[in-house]
Structures are given as C-alpha cells and as structure tokens.
Amino acid sequence: MREEISSAGESLPYAIVVVHTPLGRQVAAPEGIEEDREDEGYLTRAFHYLVPQEMRSEARVGQLVWVPFGARYLQGVIVGFAAHSPVEKTRPIDQIVDPEPVLSAAHIQLAYWISEYYLAPLHRVIQSMLPPGITQRAEAVLLSLVEGIPEEATPAQRELLTLLQTRGPLSTSQLAHLGKPKSWRTIARQLIRKGWVLRRMEIRPPKVRPKLASVIRAAPHASLEQVPSRAMKQRALLAYLLERLQGGEGWVPLQQALEDTSTTRGVLRALISKGLVEEEQRQIWRDPLAGRSFVPVVPPRLTPDQERAWQAIAQDLEAPQGRPFLLQGVTGSGKTEIYLRAVQRTLEQGRGAIVLVPEIALTPQTIRRFGARFPTTLAVVHSRLSPGERYDQWRRIRAGELRLVVGSRSAIFAPVRNLGLIVLDEEHEWSYKQAQTPRYHAREVAVQLAHLVGATCILGSATPALESAYRAEQGEYIRLRLPQRIMGHRRTVEEQAALLQREQHRYRPLAPEAEEALYAELPPVKVVDMRQELRAGNTSIFSRALHQALQETLAAGEQAILFLNRRGAATFVMCRDCGYVLRCPRCRVPLAYHSAVNKLVCHHCNYRTPLPSACPNCGSKRIKLFGVGTQRVEALVQKTFPQARVIRWDLDTTGGKMAHEQILERFIRGEADIMIGTQMIAKGLDLPRVTLVGVITADTALNLPDLRAGERTFQLLTQVAGRAGRSILGGRVIIQTYTPEHPAIQAASRHDYEGFYQKELAFRREYGYPPITRLIRLICVQNSERRAKEEAEKLYRFLSLKIVRDGLPDLRLIGPAPAFWLRLRGKWRWHILVCGADPHALLRDVRLPLGWRVDVDPVSLL
C-alpha cells in the first residue's frame with residue numbers, strides 16, 4: 001500500500017522523490033511472474049532523499065529536483081516529505097531545478113490515482129503531466145587527464161586515449177555512436193581506475209526554454225535635434241521610437257521597429273553608438289493565438305430546457321456536490337451555450353476552467369466560440385502546437401495569467417490555478433483514451449480531478465457512452481436533457497428566411513412561455529439498401545437517392561458532406577488471378593492505395609511501397625484496386641459532378657499545423673460545395689450551409705470483432721447526421737449500407753438514443769460486458785508469434801490458479817487468443833481479457849514481465 005506522506009517539507013528532513021527512470025520488473029521462477037503481496041505499491045514506487053538544511057525552507061511538493069540514483073544523475077519530482085527514511089544512509093537532493101512546483105499537490109494525488117487505477121508506473125504518469133521538453137538529462141562525459149600515451153597502455157587503451165586527446169571530452173552517447181573501440185565501456189573503466197581518464201556528469205540543456213528577443217527604445221534624453229538632417233534613416237527610426245515612447249509603449253521588438261520604418265541594423269547600431277537608442281534582451285511569449293481577433297458576441301436568451309439545465313449547474317458551481325453532470329442534448333440543442341455560461345460564472349468566482357474537445361479538428365471552432373466571450377484569458381493546449389508554444393502556454397497557465405484552457409486530451413493536466421470547472425464535450429469519443437502508457441481515459445481523470453479539487457464536472461454529448469448513461473441511471477451522474485434542436489429566436493430566423501427567400505414554417509416555438517425561441521425537428525434520415533442498388537444494376541458507390549440529392553443540393557447552391565471512415569483511394573490491392581493481397585511486411589494488414597503519392601501505405605506503421613505492375617506472388621499483370629477510400633470518392637465526385645468544388649478532410653490532407661483550421665475556414669466561406677472526410681467531420685462542427693449528409697457506407701466498423709462496434713457505429717452515424725439541417729435551409733441525411741436491418745443503423749435513422757441504449761445494454765448484460773462489469777485487457781507483444789503465444793498461455797495458467805487461490809469466483813478470463821491485429825509494427829500480439837466486478841483485485845499485486853501491456857477499461861479489443 002502507498003506510504004502515508006506529508007506535503008509539508010519545512011520541518012521534515014526527508015523528501016520522497018519519483019525519479020524519471022523505469023524501474024526493472026522482477027521475474028520469479030517458475031512461471032516468469034512475480035507476485036509480491038508485501039509490495040503492492042511497486043508501480044508507485046518512490047525513493048527517500050535527505051533534504052539539505054539549506055534547502056528545507058524552499059523545498060515543496062511538486063518541485064523538479066536533481067538527485068543521485070546509483071551511478072546516475074537523474075531528475076525527479078518531490079511527491080511528499082517524511083520524518084524518517086527506511087534506509088540507514090540516505091543520499092541528499094543535489095539541487096532544486098525550479099523553486100515553483102511543476103505539479104500541484106492535487107496533481108500529485110491525481111498521479112497516484114492514475115497509477116493505481118490504470119496499473120501504470122508512477123514516473124510515466126508524472127512525465128505525461130509535464131509539458132514536452134521541460135525535463136533534462138545528465139550524461140556521463142569522459143576526458144583525458146594525461147598528456148600523451150603512457151607506455152604501459154594496451155592497444156585498445158591507446159585507441160581510446162588518442163580519441164579523447166584529439167577530439168576532446170566525449171559523452172557516452174558520442175562514443176556509442178562512433179562505435180570504437182568496440183569494447184569502449186570496459187576500456188573506459190580500466191582508464192578511470194588507472195587515473196588516466198575522468199568520468200563526470202554533465203547536464204544537457206532542456207529541449208525548450210524561454211524565448212528571448214531584442215527590444216529597443218529611445219533613450220530618455222534622446223531628441224531628433226541630436227541627429228544630422230542628412231541622416232534620414234536614423235531620424236526616421238528615432239522619430240518612430242520617440243513617438244512610441246510618448247505613447248507609453250516604451251520597448252518595441254527590434255524586428256518590428258526595423259520593418260515598420262524600413263531601416264536596417266546598421267542604422268540602429270549608429271543610433272546605439274550615439275547613446276540615443278537602448279537595446280535589451282527580453283523574454284517574449286510564443287502565443288498560438290497571436291494575431292487572432294475575436295468578435296464579441298451577446299449571449300442569447302436561454303430556452304426553458306437550457307434554463308433548467310443551467311440552474312442545476314449554476315447551483316453546483318456555488319456549492320459542488322461531487323457528482324458529475326451528464327448533459328445529454330441532441331445535435332444543435334445548445335450545449336455549448338451552457339458550457340460558456342458555466343465558464344463565465346467560474347471566472348467571475350475567481351476560479352479557472354478546463355474545456356476538453358476530442359479532436360484537434362474541433363479546436364479552431366471551439367476557440368472562436370470561447371475566444372469571443374473570454375479573449376484575454378484563453379489558453380490553447382493540443383499536440384499540434386510547437387514545443388515552445390506548449391511550454392509558454394503551460395507557464396502562463398501555471399502563473400495564473402491564463403485561467404481558461406481549451407484543448408484536447410492532454411489539456412486535462414494543465415496547471416490551472418484554483419480549478420472550478422471541467423467540461424468534456426463529446427464525452428463519448430474514444431479519442432479521449434490514451435493509446436500509450438499511461439493508458440488513461442480523460443473522462444475518468446476529469447471526474448477524479450474534479451473530486452480532488454472540489455470542481456464542477458460537465459460531460460456533454462448527443463450520444464453518451466454506455467458507461468456514462470449507465471452511471472446516470474445508477475445515480476452516480478446527474479443527467480440533464482436538451483431534447484430539441486434550437487434554430488434561434490424568431491426575429492433572427494425570419495431575417496434569415498427573408499434573406500434566403502425561404503419559408504420558415506418548419507420551425508415551432510419551444511414552449512408557450514418561450515414564443516420567441518424556435519426549434520426544428522432533427523433532419524430526416526433515409527437508409528438505402530445497397531444490395532437493392534446492385535440488383536437494380538447500379539454498381540456506383542453512389543445510390544440513386546444520393547446521386548439525385550447531390551444534384552439537387554448543388555443546383556440550389558448549398559453544401560453537402562460525404563462521410564467515409566476510410567482514407568486512401570482503395571482499401572486493399574489484390575491479384576485477380578491468384579488472389580494474393582499485398583500486405584504490410586511489419587503488420588500483416590492489407591496495404592491501402594493512395595493515389596496522391598501513387599504508393600501503397602500501411603495505416604498502422606506508415607510503411608510505404610510503390611504499386612507493383614505485376615503480382616509479387618504469381619507475376620500476373622491483373623492487379624486490381626478493391627474497396628473505396630476518401631481519395632477515390634473525391635475522384636468519383638469530380639468525375640460525376642465536374643461543376644462541383646470539392647474539398648477533402650482526412651489525415652492525409654491535415655499534415656500542416658494550421659491545416660484543420662484552413663480546411664474548415666474554406667468550407668465555411670463557401671469555397672467548396674462538397675466536403676469529403678473521415679470521422680473528423682462527424683464531431684461537433686456547426687456548418688449552417690450544409691443541407692445534405694451522405695454516408696457512403698455505414699458498414700466499415702460494424703462488422704469488426706469488437707464489443708463496441710455497434711455503439712461506435714450508432715454514435716458516428718448520429719453525429720454525422722447532426723451536421724445537416726442546422727439553419728433555415730433545412731437538411732436531410734442518406735445512409736448507404738449493406739445491413740439496413742442492423743439495430744445500430746435503425747436506431748441512428750430514427751435519432752433514437754434511448755432505444756439503442758436499452759437494446760445494447762441488454763446485450764452487454766447477457767454476456768457480462770461493460771458497463772455491467774469492468775474489463776482489463778492484457779496484451780503480450782513479442783518479436784515472434786511462438787513466444788507471444790507461449791507467454792500468453794503461461795500468464796493465463798498463472799491467473800487461473802490465482803483466481804482459485806484468492807477466492808475470486810466473480811472474475812473470468814477470456815482467452816488467451818491472438819489479437820485481431822495479430823502483427824503490428826513488426827511485433828506479434830496475443831491478449832487476455834480479465835472481466836468482472838473488480839478485475840484489479842486479481843492484478844494489483846502481480847508484476848508482469850517485460851513485453852506485457854495493461855489496458856484498463858479498453859475502448860477497443862482489436
């Protein structure tokens with residue numbers, strides 16, 4: 001169990017430090033797995049260090065420190081203090097990197113919870129909470145202490161000494177890169193013992209640091225009379241700086257001043273040499289929102305449904321009750337306005353807020369909405385920022401300068417001061433689950449963080465995850481409903497109708513007491529059976545209904561979205577003579593053809609190879625592209641509707657830093673008629689000119705061997721359907737499928753979340769799957785398939801015996817079995833599922849050998 005530790009360090013002599021290094025997994029015979037009941041907290045292992053007397057007044061929980069660790073010199077984070085050390089001779093902390101803690105006491109508590117719940121090493125959790133590049137490492141450097149080569153030196157010793165004397169001090173990584181002499185580590189130890197070579201530790205500079213830039217200003221005594229009239233450039237620059245000085249601006253960025261006055265550095269140097277201009281180096285912020293201007297907006301009047309939801313949340317903001325809110329509202333029902341009100345109230349209370357969105361694609365539109373209300377205190381955190389931008393945003397948040405954070409999954413760890421509100425928009429999205437260790441889910445982390453700091457937590461979605469809906473049903477969450485799509489207030493809608501020369505009879509008042517607020521029904525959904533299309537002789541990827549709808553949409557000057565959850569031009573390539581399918585040599589999955597680069601691409605490891613002209617297996621020239629991807633849909637749309645302006649939004653077109661925002665802006669401005677995209681376009685976007693949404697095939701994920709396949713399909717179809725009909729123009733949805741009778745597709749066509757939830761929950765209950773039970777997935781990753789299978793079977797036997805021995809009859813094991821993606825990135829994968837009310841009871845005291853990955857509450861079993 002975790003040691004009871006204190007967060008106060010001034011009077012306690014020992015600091016408890018989590019060092020930034022992996023701790024070896026011990027393996028016991030005969031099964032290759034160690035079970036250590038005396039050390040259940042091995043994942044959260046930390047080390048005691050003496051706090052030198054001169055440091056005790058400044059040592060604090062959450063500080064980054066340098067400590068000796070064996071023969072190494074490592075960084076770590078102080079997680080607590082203690083009066084006693086478990087070892088007799090305790091080494092001291094060497095230095096404190098930054099007097100300001102990098103993690104708050106609440107984040108330390110959160111790190112322990114994540115480590116214990118997700119069975120992840122604590123040092124990995126803490127590292128994931130820090131901005132990239134902030135930590136440093138120390139490296140051993142060797143330097144020669146002798147001149148010339150001693151006569152008794154061996155040939156290998158001579159070689160290494162000569163290298164150090166000719167090239168100067170070399171680090172161990174440099175020697176390893178040079179690769180000579182071959183046994184340089186052994187030889188270095190010999191030279192150190194003889195006193196000919198010194199080994200010392202040198203700290204490498206951090207990858208990111210504050211950015212400095214030159215700034216200039218006119219000297220206090222400067223005047224134009226001090227510059228000759230013929231020195232026109234000098235007079236222009238000095239006049240510019242004097243004007244800025246009189247205006248109260250003072251220091252001006254050097255580059256900006258030179259550009260504004262069309263002068264050069266030579267002109268500046270002349271003024272500096274005369275003492276008329278002063279220059280300094282000053283820190284500047286790398287701001288991802290620099291240059292943006294936000295147009296202020298007046299908050300709309302709330303509808304009765306919104307008002308009821310808001311009053312419940314407002315009451316909790318005043319006195320948090322500790323239960324998250326599940327804000328379930330259909331697409332277009334006004335959930336964002338509730339978020340905005342909650343943020344405003346939180347900031348008025350002097351507290352901070354975090355708003356999470358599931359994809360980077362959502363961030364630009366979210367930034368505009370929140371920036372229009374809170375332009376001066378908004379921070380952005382997501383993976384597309386440069387390391388310098390993320391570092392500066394992190395520092396400004398930590399300092400309390402920025403109190404509202406909008407970002408993707410990792411933004412949950414932002415060091416917001418006095419956190420009062422956490423919002424997860426589209427809480428059902430599986431992208432909130434981290435794919436690498438620590439494999440946390442941002443929803444669960446948000447709920448736990450809100451509990452630790454006494455904050456209000458709002459989980460919003462039109463299609464809540466089954467886990468969230470089930471918790472609301474059980475009373476763990478408070479469910480608030482927004483059942484109607486809001487079109488706006490009567491005057492606004494009538495002005496739109498007049499402008500577009502459209503009737504607005506399809507809109508109705510929300511309630512007798514809210515005559516001015518109008519709502520519309522969700523767009524009608526037509527399900528097209530593609531089997532019938534084939535029987536009718538239509539072999540196109542566009543059904544007759546979708547083809548006609550696209551023609552009508554284009555003729556009306558409106559916009560359409562075509563959704564396909566598959567990148568590339570073809571999903572696989574096959575020889576028509578022998579049936580050979582071209583696969584990735586590292587992952588064994590079919591390669592997809594990408595016409596833009598004319599290559600076959602693996603969507604797992606990015607392996608690329610040219611499209612062969614003949615079958616590698618039989619030599620036949622009859623190579624055919626099968627399936628359909630976004631690139632092929634784009635080509636067919638351009639061929640079928642040559643007058644249409646087409647834009648594609650998928651992973652291949654969004655490589656640039658601002659690519660998501662640029663594509664979205666082009667479509668909003670009306671520079672394209674049809675947008676073709678993958679799941680990026682299905683989530684939360686408000687596109688008022690879109691009147692048609694076409695789903696090319698609804699079956700892509702439906703038939704995968706994953707217990708959440710039906711849930712994901714329903715959520716995806718419901719969300720993408722919600723992009724249509726968000727304005728006076730109205731809208732419609734066409735779903736093409738080969739399985740029209742599937743419950744997920746039928747429920748999505750009716751916008752029937754409750755019907756889908758009840759059927760899916762009955763299925764999960766019958767088979768004992770989440771959310772009725774909990775699930776932990778154990779994945780064995782090895783270089784050979786035989787080794788992966790053997791290790792999986794070995795662990796299965798051990799866990800089966802442990803279930804019996806520990807008396808855990810409520811737990812069951814599924815497997816061992818090969819994973820659906822049996823080979824990924826050159827590694828073979830087998831897995832075991834631990835299912836039951838408390839699978840942690842089986843695993844929390846089991847140390848798994850190297851090669852095993854633990855996924856608690858997995859969102860996918862592929």
# chains A, B, ... in the order shown; residues from 1 in each chain; ligands from 1
>>> select_by_dssp(residues="segment 603-785 of chain A", states="helix (DSSP H, G or I)", output="mmCIF file with N, CA and C atoms, in the first residue's frame")
data_model
loop_
_atom_site.group_PDB
_atom_site.id
_atom_site.type_symbol
_atom_site.label_atom_id
_atom_site.label_comp_id
_atom_site.auth_asym_id
_atom_site.auth_seq_id
_atom_site.Cartn_x
_atom_site.Cartn_y
_atom_site.Cartn_z
ATOM 1 N N THR A 630 -11.331 7.778 -49.201
ATOM 2 C CA THR A 630 -11.698 9.176 -49.429
ATOM 3 C C THR A 630 -11.124 9.717 -50.741
ATOM 4 N N GLN A 631 -9.917 9.288 -51.113
ATOM 5 C CA GLN A 631 -9.332 9.785 -52.357
ATOM 6 C C GLN A 631 -10.135 9.309 -53.563
ATOM 7 N N ARG A 632 -10.599 8.056 -53.520
ATOM 8 C CA ARG A 632 -11.378 7.551 -54.647
ATOM 9 C C ARG A 632 -12.744 8.230 -54.707
ATOM 10 N N VAL A 633 -13.364 8.454 -53.534
ATOM 11 C CA VAL A 633 -14.641 9.174 -53.517
ATOM 12 C C VAL A 633 -14.455 10.568 -54.116
ATOM 13 N N GLU A 634 -13.372 11.224 -53.754
ATOM 14 C CA GLU A 634 -13.086 12.554 -54.293
ATOM 15 C C GLU A 634 -12.992 12.517 -55.819
ATOM 16 N N ALA A 635 -12.256 11.528 -56.335
ATOM 17 C CA ALA A 635 -12.105 11.418 -57.788
ATOM 18 C C ALA A 635 -13.436 11.144 -58.474
ATOM 19 N N LEU A 636 -14.268 10.273 -57.883
ATOM 20 C CA LEU A 636 -15.560 9.943 -58.486
ATOM 21 C C LEU A 636 -16.525 11.115 -58.427
ATOM 22 N N VAL A 637 -16.479 11.880 -57.349
ATOM 23 C CA VAL A 637 -17.334 13.068 -57.259
ATOM 24 C C VAL A 637 -16.946 14.072 -58.335
ATOM 25 N N GLN A 638 -15.657 14.296 -58.508
ATOM 26 C CA GLN A 638 -15.204 15.251 -59.516
ATOM 27 C C GLN A 638 -15.568 14.785 -60.932
ATOM 28 N N LYS A 639 -15.558 13.473 -61.137
ATOM 29 C CA LYS A 639 -15.931 12.942 -62.439
ATOM 30 C C LYS A 639 -17.442 13.011 -62.670
ATOM 31 N N THR A 640 -18.221 12.696 -61.620
ATOM 32 C CA THR A 640 -19.680 12.667 -61.751
ATOM 33 C C THR A 640 -20.279 14.061 -61.741
ATOM 34 N N LEU A 651 -6.740 12.525 -42.642
ATOM 35 C CA LEU A 651 -5.398 12.596 -42.080
ATOM 36 C C LEU A 651 -4.356 12.966 -43.127
ATOM 37 N N ASP A 652 -4.597 12.595 -44.375
ATOM 38 C CA ASP A 652 -3.629 12.880 -45.432
ATOM 39 C C ASP A 652 -3.594 14.346 -45.823
ATOM 40 N N THR A 653 -4.682 15.082 -45.592
ATOM 41 C CA THR A 653 -4.741 16.493 -46.015
ATOM 42 C C THR A 653 -4.526 17.444 -44.850
ATOM 43 N N ALA A 659 -3.644 23.145 -40.776
ATOM 44 C CA ALA A 659 -4.417 22.536 -41.863
ATOM 45 C C ALA A 659 -5.893 22.372 -41.498
ATOM 46 N N HIS A 660 -6.182 21.918 -40.280
ATOM 47 C CA HIS A 660 -7.575 21.725 -39.867
ATOM 48 C C HIS A 660 -8.352 23.034 -39.989
ATOM 49 N N GLU A 661 -7.768 24.078 -39.452
ATOM 50 C CA GLU A 661 -8.460 25.370 -39.442
ATOM 51 C C GLU A 661 -8.626 25.915 -40.851
ATOM 52 N N GLN A 662 -7.609 25.749 -41.692
ATOM 53 C CA GLN A 662 -7.690 26.278 -43.056
ATOM 54 C C GLN A 662 -8.770 25.568 -43.863
ATOM 55 N N ILE A 663 -8.857 24.235 -43.725
ATOM 56 C CA ILE A 663 -9.888 23.493 -44.449
ATOM 57 C C ILE A 663 -11.273 23.909 -43.981
ATOM 58 N N LEU A 664 -11.451 24.006 -42.679
ATOM 59 C CA LEU A 664 -12.753 24.390 -42.127
ATOM 60 C C LEU A 664 -13.135 25.798 -42.567
ATOM 61 N N GLU A 665 -12.186 26.732 -42.550
ATOM 62 C CA GLU A 665 -12.471 28.109 -42.956
ATOM 63 C C GLU A 665 -12.877 28.181 -44.430
ATOM 64 N N ARG A 666 -12.200 27.423 -45.262
ATOM 65 C CA ARG A 666 -12.539 27.426 -46.696
ATOM 66 C C ARG A 666 -13.967 26.945 -46.910
ATOM 67 N N PHE A 667 -14.356 25.913 -46.176
ATOM 68 C CA PHE A 667 -15.703 25.372 -46.355
ATOM 69 C C PHE A 667 -16.753 26.333 -45.810
ATOM 70 N N ILE A 668 -16.483 26.948 -44.667
ATOM 71 C CA ILE A 668 -17.431 27.901 -44.088
ATOM 72 C C ILE A 668 -17.598 29.105 -45.000
ATOM 73 N N GLN A 679 -13.858 10.479 -39.945
ATOM 74 C CA GLN A 679 -14.575 10.775 -38.705
ATOM 75 C C GLN A 679 -14.304 12.179 -38.178
ATOM 76 N N MET A 680 -13.280 12.872 -38.685
ATOM 77 C CA MET A 680 -13.029 14.244 -38.261
ATOM 78 C C MET A 680 -14.241 15.142 -38.485
ATOM 79 N N ILE A 681 -14.998 14.891 -39.561
ATOM 80 C CA ILE A 681 -16.101 15.783 -39.912
ATOM 81 C C ILE A 681 -17.388 15.426 -39.182
ATOM 82 N N ALA A 682 -17.359 14.372 -38.390
ATOM 83 C CA ALA A 682 -18.592 13.898 -37.757
ATOM 84 C C ALA A 682 -18.830 14.518 -36.395
ATOM 85 N N ALA A 709 -18.472 -2.219 -31.397
ATOM 86 C CA ALA A 709 -18.652 -1.917 -32.819
ATOM 87 C C ALA A 709 -20.021 -1.292 -33.075
ATOM 88 N N GLY A 710 -21.083 -1.865 -32.489
ATOM 89 C CA GLY A 710 -22.417 -1.315 -32.690
ATOM 90 C C GLY A 710 -22.560 0.068 -32.084
ATOM 91 N N GLU A 711 -22.022 0.243 -30.882
ATOM 92 C CA GLU A 711 -22.105 1.544 -30.214
ATOM 93 C C GLU A 711 -21.382 2.619 -31.006
ATOM 94 N N ARG A 712 -20.183 2.301 -31.488
ATOM 95 C CA ARG A 712 -19.423 3.284 -32.267
ATOM 96 C C ARG A 712 -20.145 3.649 -33.556
ATOM 97 N N THR A 713 -20.709 2.644 -34.217
ATOM 98 C CA THR A 713 -21.417 2.915 -35.468
ATOM 99 C C THR A 713 -22.614 3.820 -35.212
ATOM 100 N N PHE A 714 -23.398 3.515 -34.180
ATOM 101 C CA PHE A 714 -24.551 4.352 -33.854
ATOM 102 C C PHE A 714 -24.119 5.788 -33.544
ATOM 103 N N GLN A 715 -23.098 5.936 -32.728
ATOM 104 C CA GLN A 715 -22.639 7.275 -32.361
ATOM 105 C C GLN A 715 -22.131 8.044 -33.571
ATOM 106 N N LEU A 716 -21.358 7.372 -34.411
ATOM 107 C CA LEU A 716 -20.789 8.028 -35.581
ATOM 108 C C LEU A 716 -21.877 8.465 -36.552
ATOM 109 N N LEU A 717 -22.842 7.580 -36.821
ATOM 110 C CA LEU A 717 -23.922 7.924 -37.754
ATOM 111 C C LEU A 717 -24.791 9.045 -37.184
ATOM 112 N N THR A 718 -25.087 8.999 -35.899
ATOM 113 C CA THR A 718 -25.903 10.048 -35.284
ATOM 114 C C THR A 718 -25.175 11.384 -35.309
ATOM 115 N N GLN A 719 -23.890 11.355 -35.026
ATOM 116 C CA GLN A 719 -23.121 12.592 -35.008
ATOM 117 C C GLN A 719 -22.983 13.194 -36.396
ATOM 118 N N VAL A 720 -22.671 12.365 -37.393
ATOM 119 C CA VAL A 720 -22.503 12.911 -38.743
ATOM 120 C C VAL A 720 -23.841 13.387 -39.296
ATOM 121 N N ALA A 721 -24.920 12.709 -38.939
ATOM 122 C CA ALA A 721 -26.246 13.168 -39.358
ATOM 123 C C ALA A 721 -26.563 14.529 -38.764
ATOM 124 N N PRO A 743 -29.594 -3.118 -35.734
ATOM 125 C CA PRO A 743 -30.186 -2.219 -34.734
ATOM 126 C C PRO A 743 -29.499 -0.863 -34.628
ATOM 127 N N ALA A 744 -28.172 -0.816 -34.780
ATOM 128 C CA ALA A 744 -27.466 0.455 -34.676
ATOM 129 C C ALA A 744 -27.866 1.399 -35.801
ATOM 130 N N ILE A 745 -27.998 0.868 -37.007
ATOM 131 C CA ILE A 745 -28.380 1.693 -38.152
ATOM 132 C C ILE A 745 -29.843 2.109 -38.050
ATOM 133 N N GLN A 746 -30.687 1.204 -37.626
ATOM 134 C CA GLN A 746 -32.099 1.540 -37.464
ATOM 135 C C GLN A 746 -32.282 2.620 -36.401
ATOM 136 N N ALA A 747 -31.603 2.488 -35.276
ATOM 137 C CA ALA A 747 -31.732 3.493 -34.218
ATOM 138 C C ALA A 747 -31.183 4.848 -34.663
ATOM 139 N N ALA A 748 -30.061 4.837 -35.377
ATOM 140 C CA ALA A 748 -29.488 6.096 -35.867
ATOM 141 C C ALA A 748 -30.431 6.780 -36.851
ATOM 142 N N SER A 749 -31.114 6.001 -37.681
ATOM 143 C CA SER A 749 -32.033 6.600 -38.665
ATOM 144 C C SER A 749 -33.223 7.271 -37.987
ATOM 145 N N TYR A 753 -31.679 7.492 -29.351
ATOM 146 C CA TYR A 753 -30.626 7.066 -28.436
ATOM 147 C C TYR A 753 -31.161 6.095 -27.387
ATOM 148 N N GLU A 754 -32.316 6.399 -26.802
ATOM 149 C CA GLU A 754 -32.839 5.564 -25.727
ATOM 150 C C GLU A 754 -33.111 4.137 -26.195
ATOM 151 N N GLY A 755 -33.683 4.006 -27.404
ATOM 152 C CA GLY A 755 -33.939 2.674 -27.936
ATOM 153 C C GLY A 755 -32.664 1.894 -28.130
ATOM 154 N N PHE A 756 -31.619 2.564 -28.680
ATOM 155 C CA PHE A 756 -30.342 1.880 -28.869
ATOM 156 C C PHE A 756 -29.734 1.513 -27.522
ATOM 157 N N TYR A 757 -29.771 2.437 -26.567
ATOM 158 C CA TYR A 757 -29.170 2.198 -25.252
ATOM 159 C C TYR A 757 -29.774 0.967 -24.589
ATOM 160 N N GLN A 758 -31.094 0.849 -24.596
ATOM 161 C CA GLN A 758 -31.744 -0.277 -23.925
ATOM 162 C C GLN A 758 -31.372 -1.601 -24.578
ATOM 163 N N LYS A 759 -31.347 -1.669 -25.914
ATOM 164 C CA LYS A 759 -31.002 -2.913 -26.606
ATOM 165 C C LYS A 759 -29.537 -3.286 -26.385
ATOM 166 N N GLU A 760 -28.661 -2.291 -26.488
ATOM 167 C CA GLU A 760 -27.237 -2.568 -26.329
ATOM 168 C C GLU A 760 -26.924 -2.961 -24.887
ATOM 169 N N LEU A 761 -27.575 -2.320 -23.932
ATOM 170 C CA LEU A 761 -27.339 -2.656 -22.537
ATOM 171 C C LEU A 761 -27.815 -4.077 -22.227
ATOM 172 N N ALA A 762 -28.931 -4.484 -22.825
ATOM 173 C CA ALA A 762 -29.420 -5.850 -22.625
ATOM 174 C C ALA A 762 -28.409 -6.862 -23.161
ATOM 175 N N PHE A 763 -27.805 -6.545 -24.315
ATOM 176 C CA PHE A 763 -26.772 -7.414 -24.878
ATOM 177 C C PHE A 763 -25.561 -7.494 -23.954
ATOM 178 N N ARG A 764 -25.112 -6.349 -23.434
ATOM 179 C CA ARG A 764 -23.939 -6.332 -22.559
ATOM 180 C C ARG A 764 -24.238 -7.085 -21.250
ATOM 181 N N ARG A 765 -25.450 -6.927 -20.750
ATOM 182 C CA ARG A 765 -25.811 -7.600 -19.507
ATOM 183 C C ARG A 765 -25.837 -9.125 -19.701
ATOM 184 N N GLU A 766 -26.358 -9.564 -20.844
ATOM 185 C CA GLU A 766 -26.452 -11.001 -21.115
ATOM 186 C C GLU A 766 -25.078 -11.659 -21.147
ATOM 187 N N TYR A 767 -24.088 -10.951 -21.709
ATOM 188 C CA TYR A 767 -22.761 -11.548 -21.866
ATOM 189 C C TYR A 767 -21.756 -11.064 -20.813
ATOM 190 N N GLU A 785 5.772 -14.960 -33.053
ATOM 191 C CA GLU A 785 4.415 -15.394 -32.735
ATOM 192 C C GLU A 785 4.451 -16.527 -31.702
#
>>> residues_around(residues="Ile814 of chain A", least_positions_apart="6", cutoff="10 Å", atoms="only C-alpha atoms", output="VMD selection string")
chain A and resid 777 796 831 to 835
>>> write_last_selection(atoms="N, CA and C atoms", output="compact mmCIF listing (two decimals), in the first residue's frame")
# COMPACT_ATOMS: atom_id res chain seq x y z
N ARG A 777 -7.61 -5.44 -20.24
CA ARG A 777 -7.01 -6.19 -21.35
C ARG A 777 -5.50 -6.28 -21.14
N TYR A 796 -1.96 -17.00 -18.54
CA TYR A 796 -3.33 -17.49 -18.34
C TYR A 796 -3.36 -18.57 -17.25
N HIS A 831 -3.58 -11.68 -26.57
CA HIS A 831 -4.16 -10.95 -25.44
C HIS A 831 -5.04 -11.86 -24.58
N ILE A 832 -5.26 -11.37 -23.35
CA ILE A 832 -6.15 -12.00 -22.36
C ILE A 832 -7.04 -10.90 -21.80
N LEU A 833 -8.34 -11.20 -21.62
CA LEU A 833 -9.26 -10.25 -21.01
C LEU A 833 -9.62 -10.73 -19.61
N VAL A 834 -9.53 -9.83 -18.66
CA VAL A 834 -9.95 -10.10 -17.28
C VAL A 834 -11.25 -9.35 -17.07
N CYS A 835 -12.32 -10.09 -16.80
CA CYS A 835 -13.65 -9.50 -16.76
C CYS A 835 -14.31 -9.80 -15.41
>>> residues_around(residues="Gln551 of chain A", least_positions_apart="4", cutoff="12 Å", atoms="only C-alpha atoms", output="PDB file with C-alpha atoms, in the first residue's frame")
ATOM      1  CA  PHE A 542     -23.483   6.469 -55.086  1.00  0.00           C
ATOM      2  CA  ARG A 544     -29.657   6.636 -56.932  1.00  0.00           C
ATOM      3  CA  ALA A 545     -31.091   8.528 -53.969  1.00  0.00           C
ATOM      4  CA  LEU A 546     -27.716  10.034 -53.020  1.00  0.00           C
ATOM      5  CA  HIS A 547     -26.896  10.902 -56.631  1.00  0.00           C
ATOM      6  CA  ALA A 555     -28.367  23.169 -58.075  1.00  0.00           C
ATOM      7  CA  ALA A 556     -29.637  25.036 -55.005  1.00  0.00           C
ATOM      8  CA  GLY A 557     -26.155  26.432 -54.240  1.00  0.00           C
ATOM      9  CA  GLU A 558     -25.995  24.590 -50.923  1.00  0.00           C
ATOM     10  CA  GLN A 559     -23.304  22.383 -49.390  1.00  0.00           C
ATOM     11  CA  ALA A 560     -23.016  18.630 -48.835  1.00  0.00           C
ATOM     12  CA  VAL A 637     -17.334  13.068 -57.259  1.00  0.00           C
ATOM     13  CA  THR A 640     -19.680  12.667 -61.751  1.00  0.00           C
ATOM     14  CA  PHE A 641     -20.195  16.332 -60.819  1.00  0.00           C
ATOM     15  CA  PRO A 642     -17.477  18.239 -62.690  1.00  0.00           C
ATOM     16  CA  GLN A 643     -19.026  21.593 -61.760  1.00  0.00           C
ATOM     17  CA  ALA A 644     -18.702  20.886 -58.023  1.00  0.00           C
ATOM     18  CA  ASP A 673     -19.611  22.698 -52.409  1.00  0.00           C
ATOM     19  CA  ILE A 674     -18.852  19.171 -51.186  1.00  0.00           C
ATOM     20  CA  LEU A 692     -27.138  17.131 -47.214  1.00  0.00           C
TER      21      LEU A 692
END
>>> closest_residue(among="A:Ser144, A:Gln127, A:Ser104, A:Ser85", to="Gly168 of chain A", atoms="only C-alpha atoms")
A:Ser144
